[in-house]
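Okay, input_21.cif is below, mmCIF, C-alpha atoms:
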```
data_protein
loop_
_atom_site.group_PDB
_atom_site.id
_atom_site.type_symbol
_atom_site.label_atom_id
_atom_site.label_comp_id
_atom_site.auth_asym_id
_atom_site.auth_seq_id
_atom_site.Cartn_x
_atom_site.Cartn_y
_atom_site.Cartn_z
ATOM 1 C CA ASP A 1 -203.187 20.750 70.489
ATOM 2 C CA SER A 2 -204.947 23.986 69.452
ATOM 3 C CA VAL A 3 -201.881 25.932 70.652
ATOM 4 C CA ASP A 4 -199.646 23.778 68.436
ATOM 5 C CA ASN A 5 -201.985 24.333 65.475
ATOM 6 C CA PHE A 6 -201.713 28.106 65.965
ATOM 7 C CA PHE A 7 -198.029 27.926 65.031
ATOM 8 C CA ARG A 8 -198.578 25.724 61.980
ATOM 9 C CA THR A 9 -199.603 27.007 58.586
ATOM 10 C CA LEU A 10 -203.247 26.656 57.608
ATOM 11 C CA SER A 11 -203.593 24.062 54.862
ATOM 12 C CA VAL A 12 -206.712 23.314 52.810
ATOM 13 C CA ASN A 13 -207.755 20.806 50.202
ATOM 14 C CA PHE A 14 -210.986 19.287 48.950
ATOM 15 C CA THR A 15 -212.415 16.282 47.217
ATOM 16 C CA ALA A 16 -215.215 16.224 44.685
ATOM 17 C CA THR A 17 -217.366 13.501 43.210
ATOM 18 C CA PRO A 18 -215.595 12.190 40.101
ATOM 19 C CA VAL A 19 -216.973 13.107 36.671
ATOM 20 C CA VAL A 20 -220.766 13.458 36.690
ATOM 21 C CA ASN A 21 -223.407 14.068 34.059
ATOM 22 C CA GLN A 22 -225.045 17.470 33.838
ATOM 23 C CA ASN A 23 -228.041 17.944 36.135
ATOM 24 C CA HIS A 24 -226.584 15.383 38.576
ATOM 25 C CA THR A 25 -225.440 16.439 42.020
ATOM 26 C CA MET A 26 -221.731 16.633 42.811
ATOM 27 C CA GLN A 27 -220.542 16.361 46.440
ATOM 28 C CA PHE A 28 -217.662 18.532 47.683
ATOM 29 C CA ASN A 29 -215.794 17.842 50.944
ATOM 30 C CA VAL A 30 -213.302 20.172 52.610
ATOM 31 C CA SER A 31 -210.124 19.039 54.339
ATOM 32 C CA ILE A 32 -208.503 21.527 56.744
ATOM 33 C CA SER A 33 -205.369 21.106 58.795
ATOM 34 C CA CYS A 34 -203.779 23.472 61.268
ATOM 35 C CA GLY A 35 -204.781 27.090 61.581
ATOM 36 C CA VAL A 36 -207.186 28.210 64.309
ATOM 37 C CA ALA A 37 -210.824 27.073 64.417
ATOM 38 C CA PRO A 38 -213.526 28.024 63.801
ATOM 39 C CA TYR A 39 -213.113 28.151 60.042
ATOM 40 C CA ARG A 40 -215.178 29.931 57.387
ATOM 41 C CA THR A 41 -215.474 28.437 53.913
ATOM 42 C CA VAL A 42 -216.351 30.014 50.576
ATOM 43 C CA TRP A 43 -216.833 27.795 47.532
ATOM 44 C CA ASP A 44 -216.823 29.220 43.993
ATOM 45 C CA PHE A 45 -218.108 26.506 41.647
ATOM 46 C CA GLY A 46 -216.870 28.216 38.482
ATOM 47 C CA ASP A 47 -220.349 28.600 37.006
ATOM 48 C CA GLY A 48 -221.392 31.798 38.783
ATOM 49 C CA ASN A 49 -222.627 30.027 41.932
ATOM 50 C CA VAL A 50 -221.060 30.457 45.372
ATOM 51 C CA THR A 51 -221.830 28.986 48.812
ATOM 52 C CA THR A 52 -220.478 29.181 52.352
ATOM 53 C CA GLN A 53 -221.563 25.660 53.346
ATOM 54 C CA ALA A 54 -218.700 23.535 54.690
ATOM 55 C CA ASN A 55 -219.327 20.408 52.560
ATOM 56 C CA PRO A 56 -221.791 21.436 49.877
ATOM 57 C CA GLN A 57 -223.529 19.660 47.048
ATOM 58 C CA HIS A 58 -223.810 21.398 43.686
ATOM 59 C CA THR A 59 -225.576 20.634 40.419
ATOM 60 C CA TYR A 60 -224.129 21.847 37.128
ATOM 61 C CA SER A 61 -226.736 22.464 34.440
ATOM 62 C CA MET A 62 -224.335 22.396 31.493
ATOM 63 C CA ALA A 63 -221.546 20.056 30.416
ATOM 64 C CA GLY A 64 -217.995 21.370 30.584
ATOM 65 C CA THR A 65 -214.903 21.698 32.726
ATOM 66 C CA TYR A 66 -215.283 24.055 35.676
ATOM 67 C CA THR A 67 -212.611 25.542 37.912
ATOM 68 C CA VAL A 68 -213.715 25.174 41.529
ATOM 69 C CA THR A 69 -212.035 27.322 44.172
ATOM 70 C CA LEU A 70 -212.360 26.772 47.906
ATOM 71 C CA THR A 71 -211.269 29.589 50.221
ATOM 72 C CA VAL A 72 -210.904 28.842 53.928
ATOM 73 C CA ILE A 73 -210.433 31.606 56.498
ATOM 74 C CA ASP A 74 -209.428 30.679 60.028
ATOM 75 C CA ASN A 75 -210.209 32.522 63.276
ATOM 76 C CA THR A 76 -207.076 34.692 62.934
ATOM 77 C CA ASN A 77 -208.122 35.780 59.401
ATOM 78 C CA VAL A 78 -205.446 33.673 57.688
ATOM 79 C CA SER A 79 -206.854 32.430 54.388
ATOM 80 C CA ARG A 80 -205.819 29.706 51.970
ATOM 81 C CA ASP A 81 -207.235 28.608 48.619
ATOM 82 C CA ALA A 82 -207.478 25.245 46.909
ATOM 83 C CA THR A 83 -208.431 25.049 43.232
ATOM 84 C CA LYS A 84 -209.329 22.040 41.082
ATOM 85 C CA ALA A 85 -210.956 21.420 37.734
ATOM 86 C CA VAL A 86 -214.116 19.295 37.689
ATOM 87 C CA THR A 87 -215.642 17.736 34.579
ATOM 88 C CA VAL A 88 -219.342 17.526 33.842
ATOM 89 C CA LEU A 89 -220.480 15.416 30.867
#
```

Write out the structure in this file as structure tokens.
Amino acid sequence: DSVDNFFRTLSVNFTATPVVNQNHTMQFNVSISCGVAPYRTVWDFGDGNVTTQANPQHTYSMAGTYTVTLTVIDNTNVSRDATKAVTVL
């Protein structure tokens, strides 16, 4: 199966807790298909904070709409991004 995945294109996506109030924790979960494990993740939460945790939690201190970008790099250095807007009330 890992040989088959090598020939398929790395694909990434993520989910986030729906709208939350400021100072409440939001959960982010990565979804990766294909590519070659192990994978490295870099999350940019759109508020100046970044993490390399696979499925991080993050707390926004101010209300607003933030653009969250997840970058996943596989073991062959192929990278893909997924970007979504999250709303904090």

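Applied to this file, the PyMOL selection byres ((chain A and resi 45-62) around 7) selects Gln22, Asn23, His24, Thr25, Met26, Gln27, Phe28, Asn29, Val30, Thr41, Val42, Trp43, Asp44, Ala63, Gly64, Tyr66, Thr67, Val68 and Thr69 of chain A.
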
- Item | Result set of the PyMOL selection byres ((chain A and resi 10) around 10) on the coordinates above, as number ranges by chain | A: 5-9, 11-12, 32-36, 72-74, 78-80

Once 3 Å is added on each side, what centre and edge lengths in Å to one decimal does the axis-aligned box around all listed atoms of stretch 35-42 of chain A have, as JSON?
```
{"center_x": -210.6, "center_y": 28.5, "center_z": 57.5, "size_x": 17.6, "size_y": 8.9, "size_z": 19.8}
```

- Message: What would the selection look like, as a VMD selection string, if the PyMOL selection byres ((chain A and resi 19) around 6) were run on the coordinates I just shared?
- Response: chain A and resid 18 20 87 to 88

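Residue nearest A:Asp81 within the list A:Thr65, A:Asn21, A:Ser31, A:Asn13: A:Asn13 [criterion: smallest interatomic distance, only C-alpha atoms].
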
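You can rank A:Leu70, A:Asn77, A:Tyr39, A:Leu89 by their closest distance to A:Ala16 using only C-alpha atoms, and at the top of that list sits A:Leu70.
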